[in-house]
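S.K.: I'm passing along run02.txt; it holds compact mmCIF, C-alpha atoms and all ligand atoms.
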```txt
# COMPACT_ATOMS: atom_id res chain seq x y z
CA MET A 1 -112.97 75.69 62.80
CA LYS A 2 -113.96 76.09 59.18
CA PHE A 3 -113.32 78.47 56.36
CA ILE A 4 -113.84 78.91 52.63
CA HIS A 5 -111.00 79.09 50.11
CA ALA A 6 -112.16 81.10 47.07
CA ALA A 7 -109.36 82.06 44.67
CA ASP A 8 -109.63 83.77 41.30
CA MET A 9 -113.13 85.26 41.61
CA HIS A 10 -112.27 87.57 38.66
CA LEU A 11 -115.12 89.91 39.62
CA GLY A 12 -116.12 92.04 36.66
CA ASN A 13 -115.04 89.59 33.97
CA THR A 14 -117.82 89.64 31.35
CA ILE A 15 -117.11 86.14 29.94
CA ASN A 16 -115.58 86.05 26.48
CA GLY A 17 -115.80 83.65 23.61
CA ILE A 18 -119.52 83.34 23.02
CA ASP A 19 -120.21 84.04 19.38
CA ARG A 20 -122.17 87.30 19.11
CA LYS A 21 -123.99 85.90 16.08
CA ILE A 22 -125.66 83.19 18.13
CA THR A 23 -129.08 84.24 19.29
CA ILE A 24 -129.18 84.02 23.05
CA PRO A 25 -132.10 85.91 24.61
CA LEU A 26 -131.06 89.11 26.35
CA PRO A 27 -131.96 88.00 29.92
CA ILE A 28 -129.71 84.96 29.50
CA ARG A 29 -126.89 87.02 27.97
CA LYS A 30 -127.18 89.27 31.03
CA GLU A 31 -127.09 86.27 33.35
CA ILE A 32 -123.88 85.22 31.59
CA SER A 33 -122.15 88.58 31.73
CA PHE A 34 -123.01 89.04 35.42
CA ALA A 35 -121.99 85.47 36.28
CA THR A 36 -118.90 86.46 38.29
CA PHE A 37 -121.14 88.58 40.55
CA SER A 38 -123.64 85.74 40.99
CA ALA A 39 -120.84 83.29 41.78
CA PHE A 40 -119.45 85.73 44.35
CA LYS A 41 -122.87 86.05 45.96
CA ASN A 42 -123.09 82.25 46.05
CA VAL A 43 -119.75 82.13 47.89
CA ILE A 44 -120.95 84.67 50.47
CA ASP A 45 -124.29 82.85 50.93
CA LEU A 46 -122.41 79.56 51.43
CA ALA A 47 -120.13 81.18 54.01
CA ILE A 48 -123.16 82.44 55.95
CA ASP A 49 -125.11 79.14 55.62
CA GLN A 50 -122.11 77.13 56.74
CA HIS A 51 -121.38 79.59 59.54
CA VAL A 52 -117.67 79.59 58.66
CA ASP A 53 -115.03 81.55 60.55
CA PHE A 54 -113.62 83.38 57.53
CA VAL A 55 -113.29 83.45 53.74
CA LEU A 56 -109.91 83.57 51.96
CA PHE A 57 -109.49 85.32 48.60
CA PRO A 58 -105.89 84.55 47.50
CA GLY A 59 -105.56 86.79 44.45
CA ASP A 60 -107.49 87.83 41.35
CA LEU A 61 -110.52 88.83 43.39
CA PHE A 62 -110.94 91.47 40.68
CA ASP A 63 -110.58 90.77 36.98
CA SER A 64 -108.61 94.00 36.51
CA SER A 65 -106.79 96.66 38.50
CA GLN A 66 -109.55 99.18 37.76
CA GLN A 67 -112.93 98.66 39.35
CA SER A 68 -116.27 100.18 38.43
CA ALA A 69 -118.39 101.92 41.04
CA TYR A 70 -121.02 99.21 40.56
CA LEU A 71 -118.51 96.49 41.37
CA TYR A 72 -117.20 98.40 44.32
CA ASN A 73 -120.63 98.95 45.86
CA PHE A 74 -121.62 95.35 45.23
CA LEU A 75 -118.50 94.12 46.98
CA ASN A 76 -119.05 96.46 49.92
CA GLN A 77 -122.58 95.15 50.39
CA GLN A 78 -121.45 91.53 50.25
CA PHE A 79 -118.62 92.12 52.74
CA GLU A 80 -121.13 93.93 54.97
CA SER A 81 -123.40 90.84 55.00
CA LEU A 82 -120.39 88.76 56.04
CA LYS A 83 -119.74 91.25 58.83
CA GLN A 84 -123.36 91.00 60.04
CA ALA A 85 -122.83 87.23 60.28
CA GLY A 86 -119.56 87.71 62.23
CA ILE A 87 -117.40 86.34 59.41
CA ALA A 88 -113.99 87.78 58.46
CA ALA A 89 -112.51 88.00 54.95
CA PHE A 90 -108.83 87.97 53.94
CA VAL A 91 -107.81 89.44 50.60
CA SER A 92 -104.48 89.36 48.76
CA PHE A 93 -103.89 90.70 45.24
CA GLY A 94 -102.39 88.77 42.33
CA ASN A 95 -101.49 89.49 38.72
CA HIS A 96 -104.99 90.48 37.55
CA ASP A 97 -105.82 92.82 40.40
CA PHE A 98 -102.30 94.03 41.12
CA GLN A 99 -102.56 97.40 42.94
CA SER A 100 -99.86 99.90 42.03
CA ASP A 101 -100.62 102.13 45.01
CA ALA A 102 -98.92 100.78 48.12
CA ASP A 103 -101.33 102.56 50.42
CA HIS A 104 -104.41 101.86 48.37
CA ASP A 105 -107.30 102.37 50.73
CA PHE A 106 -110.44 100.36 50.40
CA LEU A 107 -113.51 101.58 52.21
CA TRP A 108 -114.42 98.08 53.20
CA PRO A 109 -115.95 97.14 56.55
CA ASP A 110 -113.44 96.24 59.27
CA ASN A 111 -114.01 92.48 58.99
CA VAL A 112 -112.01 92.61 55.71
CA HIS A 113 -108.23 92.32 55.98
CA VAL A 114 -105.96 93.15 53.04
CA PHE A 115 -102.41 91.83 52.72
CA PRO A 116 -99.69 94.41 51.96
CA ARG A 117 -97.51 94.34 48.85
CA GLY A 118 -93.82 93.48 48.91
CA ARG A 119 -93.85 91.81 52.35
CA ALA A 120 -95.83 89.14 54.12
CA LYS A 121 -98.15 89.86 57.00
CA THR A 122 -99.80 87.58 59.53
CA PHE A 123 -103.32 88.22 60.78
CA TYR A 124 -104.71 86.39 63.82
CA HIS A 125 -108.29 85.23 64.12
CA ASP A 126 -110.14 83.41 66.91
CA SER A 127 -112.53 80.77 65.60
CA TRP A 128 -116.09 80.19 66.85
CA ASP A 129 -114.84 77.09 68.67
CA GLY A 130 -112.10 79.01 70.47
CA LYS A 131 -109.00 78.22 68.40
CA ARG A 132 -106.39 80.80 67.50
CA ILE A 133 -105.58 80.81 63.78
CA ALA A 134 -102.71 82.62 62.01
CA ILE A 135 -103.21 83.62 58.37
CA SER A 136 -100.11 84.71 56.44
CA GLY A 137 -100.03 86.16 52.96
CA THR A 138 -98.73 88.86 50.64
CA SER A 139 -99.97 90.88 47.65
CA PHE A 140 -98.00 91.23 44.43
CA ALA A 141 -95.58 94.20 44.52
CA VAL A 142 -95.26 94.10 40.71
CA ARG A 143 -97.65 92.66 38.17
CA ASN A 144 -95.41 89.74 37.23
CA PRO A 145 -93.01 88.69 39.97
CA GLN A 146 -90.44 86.41 38.37
CA GLU A 147 -89.24 84.73 41.50
CA SER A 148 -90.75 82.81 44.37
CA LEU A 149 -92.32 84.88 47.15
CA VAL A 150 -92.16 82.03 49.66
CA SER A 151 -89.05 83.46 51.36
CA LEU A 152 -91.17 86.44 52.51
CA TYR A 153 -93.30 84.15 54.70
CA PRO A 154 -92.57 83.70 58.40
CA ALA A 155 -91.94 80.27 59.96
CA ARG A 156 -95.03 78.69 61.50
CA ASP A 157 -96.17 80.42 64.67
CA GLN A 158 -96.03 77.56 67.21
CA SER A 159 -98.49 79.27 69.57
CA VAL A 160 -101.53 78.92 67.28
CA ALA A 161 -103.82 75.96 66.60
CA TYR A 162 -103.44 76.36 62.83
CA GLU A 163 -101.42 78.50 60.47
CA ILE A 164 -102.75 79.06 56.98
CA GLY A 165 -100.84 80.50 54.02
CA MET A 166 -102.37 82.38 51.08
CA TYR A 167 -100.26 82.33 47.92
CA HIS A 168 -100.87 83.42 44.32
CA GLY A 169 -98.57 81.94 41.70
CA SER A 170 -97.55 79.10 39.42
CA LEU A 171 -96.18 75.75 40.44
CA GLY A 172 -92.67 75.21 39.08
CA ASP A 173 -89.15 76.47 39.32
CA ASN A 174 -88.92 77.93 35.84
CA ALA A 175 -89.30 81.69 35.93
CA ALA A 176 -90.03 82.11 32.20
CA ASN A 177 -93.61 83.29 31.72
CA GLN A 178 -94.58 82.27 35.21
CA TYR A 179 -95.94 84.34 38.05
CA ALA A 180 -94.21 83.99 41.43
CA PRO A 181 -93.22 80.35 40.76
CA PHE A 182 -93.00 78.15 43.87
CA THR A 183 -92.32 74.51 44.64
CA VAL A 184 -94.30 72.19 46.92
CA ASP A 185 -91.09 71.59 48.93
CA GLN A 186 -90.72 75.32 49.63
CA LEU A 187 -94.27 75.49 51.01
CA GLN A 188 -93.98 72.24 52.97
CA ALA A 189 -90.80 73.49 54.63
CA LEU A 190 -92.80 76.23 56.42
CA ASN A 191 -94.92 73.62 58.27
CA TYR A 192 -98.22 75.46 57.82
CA ASP A 193 -101.47 73.52 58.05
CA TYR A 194 -103.09 74.63 54.79
CA TRP A 195 -102.00 76.56 51.70
CA ALA A 196 -104.80 78.38 49.90
CA LEU A 197 -103.41 78.86 46.40
CA GLY A 198 -104.63 81.07 43.59
CA HIS A 199 -103.71 81.68 39.94
CA ILE A 200 -104.34 78.32 38.24
CA HIS A 201 -108.02 78.03 37.34
CA VAL A 202 -108.17 74.22 37.47
CA ARG A 203 -108.81 72.97 41.00
CA GLN A 204 -106.16 70.57 42.21
CA VAL A 205 -104.65 69.22 45.40
CA LEU A 206 -100.83 69.40 45.21
CA SER A 207 -100.29 67.82 48.62
CA LYS A 208 -102.65 66.28 51.20
CA SER A 209 -100.67 66.73 54.40
CA PRO A 210 -100.37 69.59 54.73
CA ALA A 211 -103.09 70.43 52.22
CA ILE A 212 -101.65 72.58 49.40
CA VAL A 213 -104.60 73.37 47.19
CA TYR A 214 -105.67 75.37 44.13
CA SER A 215 -109.41 75.97 44.44
CA GLY A 216 -109.69 76.97 40.77
CA ASP A 217 -112.09 79.75 39.82
CA PRO A 218 -115.66 79.80 41.21
CA GLN A 219 -117.05 80.53 37.71
CA GLY A 220 -115.73 79.29 34.36
CA LEU A 221 -114.61 82.36 32.40
CA ASP A 222 -114.15 81.01 28.88
CA LEU A 223 -114.76 77.96 26.71
CA THR A 224 -111.64 76.21 27.97
CA GLU A 225 -112.87 76.36 31.58
CA THR A 226 -115.41 73.57 31.38
CA GLY A 227 -117.32 71.69 34.05
CA GLU A 228 -118.56 72.64 37.49
CA LYS A 229 -116.52 75.31 39.29
CA GLY A 230 -116.53 76.33 42.92
CA VAL A 231 -114.70 76.74 46.20
CA TYR A 232 -113.28 74.56 48.96
CA LEU A 233 -114.86 74.36 52.38
CA VAL A 234 -111.98 73.52 54.72
CA SER A 235 -112.46 72.24 58.27
CA ASP A 236 -110.94 70.27 61.11
CA GLU A 237 -114.27 68.61 61.91
CA ASP A 238 -113.18 65.17 60.72
CA GLU A 239 -111.23 64.15 63.81
CA GLN A 240 -109.97 60.92 62.23
CA GLN A 241 -107.84 63.10 59.95
CA GLN A 242 -104.47 64.40 61.00
CA HIS A 243 -104.80 67.30 58.61
CA LEU A 244 -107.44 69.84 57.60
CA SER A 245 -109.83 68.41 55.05
CA ALA A 246 -111.17 70.28 52.04
CA LYS A 247 -114.55 69.64 50.41
CA PHE A 248 -115.50 71.04 47.00
CA LEU A 249 -118.72 73.08 46.80
CA PRO A 250 -120.08 74.32 43.44
CA THR A 251 -120.77 78.05 43.08
CA SER A 252 -120.93 78.83 39.36
CA LYS A 253 -123.92 80.54 37.75
CA PHE A 254 -123.57 78.46 34.60
CA ILE A 255 -121.17 75.89 33.22
CA PHE A 256 -119.38 75.42 29.92
CA GLN A 257 -119.84 71.81 28.91
CA PRO A 258 -118.23 69.87 26.07
CA ILE A 259 -120.60 67.36 24.46
CA SER A 260 -119.96 65.14 21.47
CA LEU A 261 -122.08 63.15 19.06
CA SER A 262 -120.80 60.43 16.76
CA ILE A 263 -122.67 59.83 13.54
CA GLN A 264 -121.81 56.86 11.37
CA ASP A 265 -124.20 57.34 8.51
CA SER A 266 -124.99 60.45 6.47
CA SER A 267 -128.63 59.34 6.16
CA LEU A 268 -129.03 60.37 9.84
CA LEU A 269 -128.25 64.03 9.09
CA PRO A 270 -131.92 65.08 8.76
CA LYS A 271 -132.40 63.86 12.36
CA LEU A 272 -129.41 65.83 13.64
CA ASN A 273 -131.52 68.48 15.43
CA ASP A 274 -133.36 65.87 17.49
CA MET A 275 -130.17 63.97 18.23
CA ILE A 276 -128.47 67.10 19.58
CA ILE A 277 -131.51 68.05 21.68
CA ASN A 278 -131.65 64.53 23.15
CA ALA A 279 -127.93 64.57 23.95
CA MET A 280 -128.38 67.85 25.84
CA GLN A 281 -131.57 66.74 27.60
CA ALA A 282 -129.78 63.63 28.88
CA LYS A 283 -127.34 65.89 30.73
CA ASN A 284 -129.95 68.29 32.03
CA THR A 285 -129.33 70.01 35.37
CA ASN A 286 -131.06 72.96 36.96
CA LYS A 287 -128.17 75.20 36.02
CA LEU A 288 -127.70 77.06 32.75
CA VAL A 289 -125.39 74.97 30.54
CA LEU A 290 -123.48 76.41 27.56
CA ASN A 291 -122.52 73.46 25.39
CA ILE A 292 -119.54 73.21 23.08
CA LEU A 293 -120.66 70.58 20.61
CA THR A 294 -118.26 68.33 18.69
CA LEU A 295 -119.72 66.28 15.84
CA ASN A 296 -117.63 63.24 14.93
CA LEU A 297 -118.70 62.11 11.49
CA SER A 298 -117.58 58.84 9.86
CA PHE A 299 -118.05 60.44 6.44
CA ASN A 300 -117.27 63.66 4.62
CA LEU A 301 -119.74 66.52 4.30
CA SER A 302 -120.37 68.43 1.13
CA ASP A 303 -119.30 72.06 1.36
CA LYS A 304 -122.93 73.12 1.25
CA ILE A 305 -124.01 71.00 4.24
CA ARG A 306 -120.90 72.00 6.18
CA GLU A 307 -121.77 75.63 5.61
CA GLN A 308 -125.33 75.03 6.79
CA LEU A 309 -124.20 73.29 9.96
CA THR A 310 -121.76 76.04 10.87
CA ASP A 311 -124.20 78.84 10.07
CA SER A 312 -125.57 80.45 13.23
CA SER A 313 -129.19 79.93 12.13
CA PHE A 314 -128.73 76.16 12.54
CA LEU A 315 -127.77 76.64 16.20
CA ASP A 316 -130.53 79.23 16.66
CA LEU A 317 -133.13 76.62 15.74
CA ILE A 318 -131.73 74.17 18.26
CA ASN A 319 -131.34 76.78 20.99
CA THR A 320 -134.94 77.92 20.63
CA ARG A 321 -135.97 74.40 21.59
CA SER A 322 -133.34 73.77 24.27
CA LEU A 323 -133.30 77.08 26.14
CA PRO A 324 -136.55 76.34 28.03
CA PHE A 325 -134.58 73.59 29.80
CA LYS A 326 -131.60 75.91 30.31
CA GLN A 327 -129.31 74.34 27.73
CA CYS A 328 -127.87 75.87 24.60
CA ILE A 329 -125.10 75.35 22.08
CA ILE A 330 -122.57 78.14 21.80
CA ARG A 331 -120.04 76.51 19.49
CA ILE A 332 -119.96 73.66 17.00
CA ASN A 333 -116.81 71.79 15.92
CA ILE A 334 -117.04 69.23 13.13
CA ASN A 335 -114.60 66.34 12.65
CA GLU A 336 -115.02 64.45 9.44
CA SER A 337 -113.15 61.16 9.60
CA GLY A 338 -112.49 61.33 5.84
CA GLN A 339 -110.27 64.29 6.64
CA THR A 340 -107.69 62.33 8.50
CA GLN A 341 -107.49 59.36 6.15
CA PRO A 342 -104.84 60.86 3.84
CA PHE A 343 -102.63 61.26 6.90
CA SER A 344 -100.23 58.35 6.98
CA HIS A 345 -98.46 57.57 10.24
CA LEU A 346 -95.51 59.67 9.10
CA ASP A 347 -97.78 62.52 7.98
CA SER A 348 -99.51 62.64 11.30
CA ARG A 349 -96.16 62.85 13.07
CA PHE A 350 -95.29 65.88 10.94
CA TRP A 351 -98.76 67.27 11.56
CA GLN A 352 -98.33 66.90 15.32
CA GLN A 353 -94.97 68.64 15.17
CA ALA A 354 -96.20 71.46 12.94
CA LYS A 355 -99.30 71.84 15.12
CA GLU A 356 -97.18 72.25 18.23
CA ASN A 357 -94.99 74.84 16.52
CA VAL A 358 -97.73 76.88 14.90
CA PHE A 359 -100.60 76.57 17.35
CA ASP A 360 -98.68 76.98 20.59
CA ALA A 361 -101.10 79.43 22.25
CA GLU A 362 -98.38 81.61 23.74
CA LEU A 363 -96.40 82.01 20.50
CA PHE A 364 -99.59 82.44 18.52
CA ASN A 365 -100.88 85.17 20.83
CA ARG A 366 -97.52 86.93 20.71
CA ASP A 367 -97.50 86.90 16.91
CA VAL A 368 -101.06 88.20 16.80
CA ALA A 369 -100.15 91.01 19.20
CA LYS A 370 -97.16 91.89 17.01
CA THR A 371 -99.15 91.82 13.78
CA PHE A 372 -102.01 94.06 14.86
CA SER A 373 -101.90 97.44 16.52
CA ARG A 374 -103.83 98.54 19.59
CA LYS A 375 -106.43 100.19 17.37
CA GLU A 376 -107.20 96.75 16.07
CA GLN A 377 -107.72 95.29 19.55
CA PHE A 378 -110.94 93.57 18.43
CA ILE A 379 -108.92 91.53 15.92
CA ILE A 380 -106.43 90.58 18.63
CA ASP A 381 -109.34 89.58 20.92
CA HIS A 382 -110.78 87.42 18.16
CA PHE A 383 -107.59 85.53 17.38
CA THR A 384 -106.57 85.05 21.00
CA ASP A 385 -109.90 83.37 21.78
CA PRO A 386 -108.98 79.70 22.44
CA ALA A 387 -112.12 78.51 20.62
CA VAL A 388 -111.17 80.48 17.49
CA GLN A 389 -107.71 78.91 17.62
CA THR A 390 -109.20 75.41 17.85
CA GLN A 391 -111.40 76.19 14.87
CA LEU A 392 -108.43 77.53 12.84
CA MET A 393 -106.52 74.38 13.66
CA SER A 394 -109.24 72.05 12.44
CA THR A 395 -109.73 74.15 9.28
CA ALA A 396 -105.97 73.96 8.66
CA GLN A 397 -106.09 70.21 9.12
CA ARG A 398 -109.01 69.90 6.69
CA LEU A 399 -107.32 72.07 4.04
CA ILE A 400 -104.05 70.17 4.33
CA SER A 401 -105.86 66.84 3.99
CA GLN A 402 -107.74 68.10 0.93
CA ARG A 403 -104.41 69.11 -0.64
CA ALA A 404 -102.92 65.74 0.28
CA ASP A 405 -105.85 64.08 -1.43
CA ILE A 406 -105.06 65.63 -4.83
MN MN A 501 -106.71 84.14 37.84
```
For this file, write the structure as structure tokens.
Ligand SMILES: [Mn+2]
M.R.:
Amino acid sequence: MKFIHAADMHLGNTINGIDRKITIPLPIRKEISFATFSAFKNVIDLAIDQHVDFVLFPGDLFDSSQQSAYLYNFLNQQFESLKQAGIAAFVSFGNHDFQSDADHDFLWPDNVHVFPRGRAKTFYHDSWDGKRIAISGTSFAVRNPQESLVSLYPARDQSVAYEIGMYHGSLGDNAANQYAPFTVDQLQALNYDYWALGHIHVRQVLSKSPAIVYSGDPQGLDLTETGEKGVYLVSDEDEQQQHLSAKFLPTSKFIFQPISLSIQDSSLLPKLNDMIINAMQAKNTNKLVLNILTLNLSFNLSDKIREQLTDSSFLDLINTRSLPFKQCIIRININESGQTQPFSHLDSRFWQQAKENVFDAELFNRDVAKTFSRKEQFIIDHFTDPAVQTQLMSTAQRLISQRADI
């Protein structure tokens, strides 16, 4: 018995946060904006290659409640190829793809099973190796359920070989700003054999026996979602194990990768281009890599050099050389050590405190949303970009240090 756990596909997300000013050739920009489709296709191809029994999509299959005809047809085709291979799919909706229509009909092939909203349902599936599996789940009845949905789930069906739960929500018992918060104890109490979780985009195993697992998203969607992304292949093939075991398989079209360079001496600056290229080449893979570069300098830059380094034409020059080996820089952050020197121990404590108060992403985003109207959505988009916030924070730190220097 084996299956794939693929949460948070976010199909249709066009990947935000890449500076429009940076010259990335059109075919590569296209590759980036269609990445959620490519990742989805990779998941389906994996399912067919691995000859799995079924694929679970526990929420945020779509990036939004509205789907384009293109997306819809694409999805239909992919589900159809699963059907041809005799593989089922189970879909539940979360906060991103919340469906307001209770009887929303999808014209999907009959190997695709959708969980209802407001109540749990259990589907039964017979595996290739003759085991009966129960799969229980629910879709969000409102966009932001404040309380746990675990009480909707039935107790484990003792007649089946395995019972699997699909659940979309945040870990924790604090309802504020959380979606369908649950605790590990609540899930464990149901005695299921595997919990396929969705909502949190960082993959993590909350419990091993039974396995309670966030698969994370199969494609990084913004600059904060770095590193390889993928799905879990879950099976009972390892007979030594008492529980189902989950193996990570990469599926992303490209990855966001943080890289850093430390430079001690300003006389090395003319060699910076080569140093950056070498740093990227050392980490070369076959996959497109979008690097977020941090330069740690043991000296201060003049305003003129700083301006040159942060100007997009500097990155363009580097990217022209690195793109043939599928690497490019999409963001540059500069730390000058001279900046932090005026910060005494006490100062840095105040800085930390002020930073937490001012740059708390949630508060910040709320203030931005309050300050600008809907007509100015592009401004809101700009300031809610995590990379822009990081940049604002380091500029604030630099300005404060310069003041402190006087
Ligand atoms: Mn999500």
S.K.: Collect all residues with atoms no farther than 6 Å from ligand MN 501 (chain A), counting only C-alpha atoms and all ligand atoms, and output them as a ChimeraX atom specification.
M.R.: /A:8,60,199
S.K.: For segment 362-366 of chain A, please output as a ChimeraX atom specification all residues within 10 Å (counting all atoms listed in the file; exclusion window: fewer than 5 positions along the same chain).
M.R.: /A:177,357,371,380-381,383-386,389
S.K.: Store the residues picked out above in a file with C-alpha atoms, as a PDB file, in the frame of the given file.
M.R.:
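Listing of out.pdb after writing:
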```
ATOM      1  CA  ASN A 177     -93.610  83.290  31.720  1.00  0.00           C
ATOM      2  CA  ASN A 357     -94.990  74.840  16.520  1.00  0.00           C
ATOM      3  CA  THR A 371     -99.150  91.820  13.780  1.00  0.00           C
ATOM      4  CA  ILE A 380    -106.430  90.580  18.630  1.00  0.00           C
ATOM      5  CA  ASP A 381    -109.340  89.580  20.920  1.00  0.00           C
ATOM      6  CA  PHE A 383    -107.590  85.530  17.380  1.00  0.00           C
ATOM      7  CA  THR A 384    -106.570  85.050  21.000  1.00  0.00           C
ATOM      8  CA  ASP A 385    -109.900  83.370  21.780  1.00  0.00           C
ATOM      9  CA  PRO A 386    -108.980  79.700  22.440  1.00  0.00           C
ATOM     10  CA  GLN A 389    -107.710  78.910  17.620  1.00  0.00           C
TER      11      GLN A 389
END
```
S.K.: Which of these, A:Asp126, A:Gln67, A:Asp110, A:Phe98, has the shortest distance to Phe79 of chain A once you count only C-alpha atoms?
M.R.: A:Asp110
S.K.: Between atom CA of His96 of chain A and atom CA of Asp49 of chain A, measure the distance and give it in Å to one decimal.
M.R.: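 Distance reported for this atom pair: 29.3 Å.
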S.K.: Just want the 9 Å neighbourhood of segment 302-310 of chain A, counted on all atoms listed in the file, with same-chain residues fewer than 6 positions away dropped. Output as a list in words.
M.R.: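 The contact residues come out as Arg331, Ile332, Asn333 and Ile334 of chain A.
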S.K.: Export, as a PDB file, in the frame of the given file, the selected residues with C-alpha atoms.
M.R.:
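selection.pdb was written with the following content:
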```pdb
ATOM      1  CA  ARG A 331    -120.040  76.510  19.490  1.00  0.00           C
ATOM      2  CA  ILE A 332    -119.960  73.660  17.000  1.00  0.00           C
ATOM      3  CA  ASN A 333    -116.810  71.790  15.920  1.00  0.00           C
ATOM      4  CA  ILE A 334    -117.040  69.230  13.130  1.00  0.00           C
TER       5      ILE A 334
END
```
S.K.: Atom CA of Phe57 of chain A and atom CA of Val289 of chain A are how many Å apart?
M.R.: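 Atom CA of Val289 of chain A lies 26.2 Å from atom CA of Phe57 of chain A.
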S.K.: Take every atom of segment 259-274 of chain A listed in the file, pad by 3 Å on each side, and give me the axis-aligned box centre and edge lengths in Å, one decimal, as JSON.
M.R.:
```
{"center_x": -126.7, "center_y": 62.7, "center_z": 15.3, "size_x": 19.4, "size_y": 17.6, "size_z": 24.3}
```
S.K.: So what do you get for atom CA of Ser245 of chain A versus atom CA of Met1 of chain A, distance-wise?
M.R.: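 Separation of atom CA of Ser245 of chain A and atom CA of Met1 of chain A: 11.1 Å.
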S.K.: Enumerate, as a PyMOL selection string, the protein, DNA and RNA residues whose atoms approach (-116.4, 98.2, 51.8) to within 10 Å, taking into account only C-alpha atoms and the coordinate frame of the file.
M.R.: chain A and resi 72-80+106-112
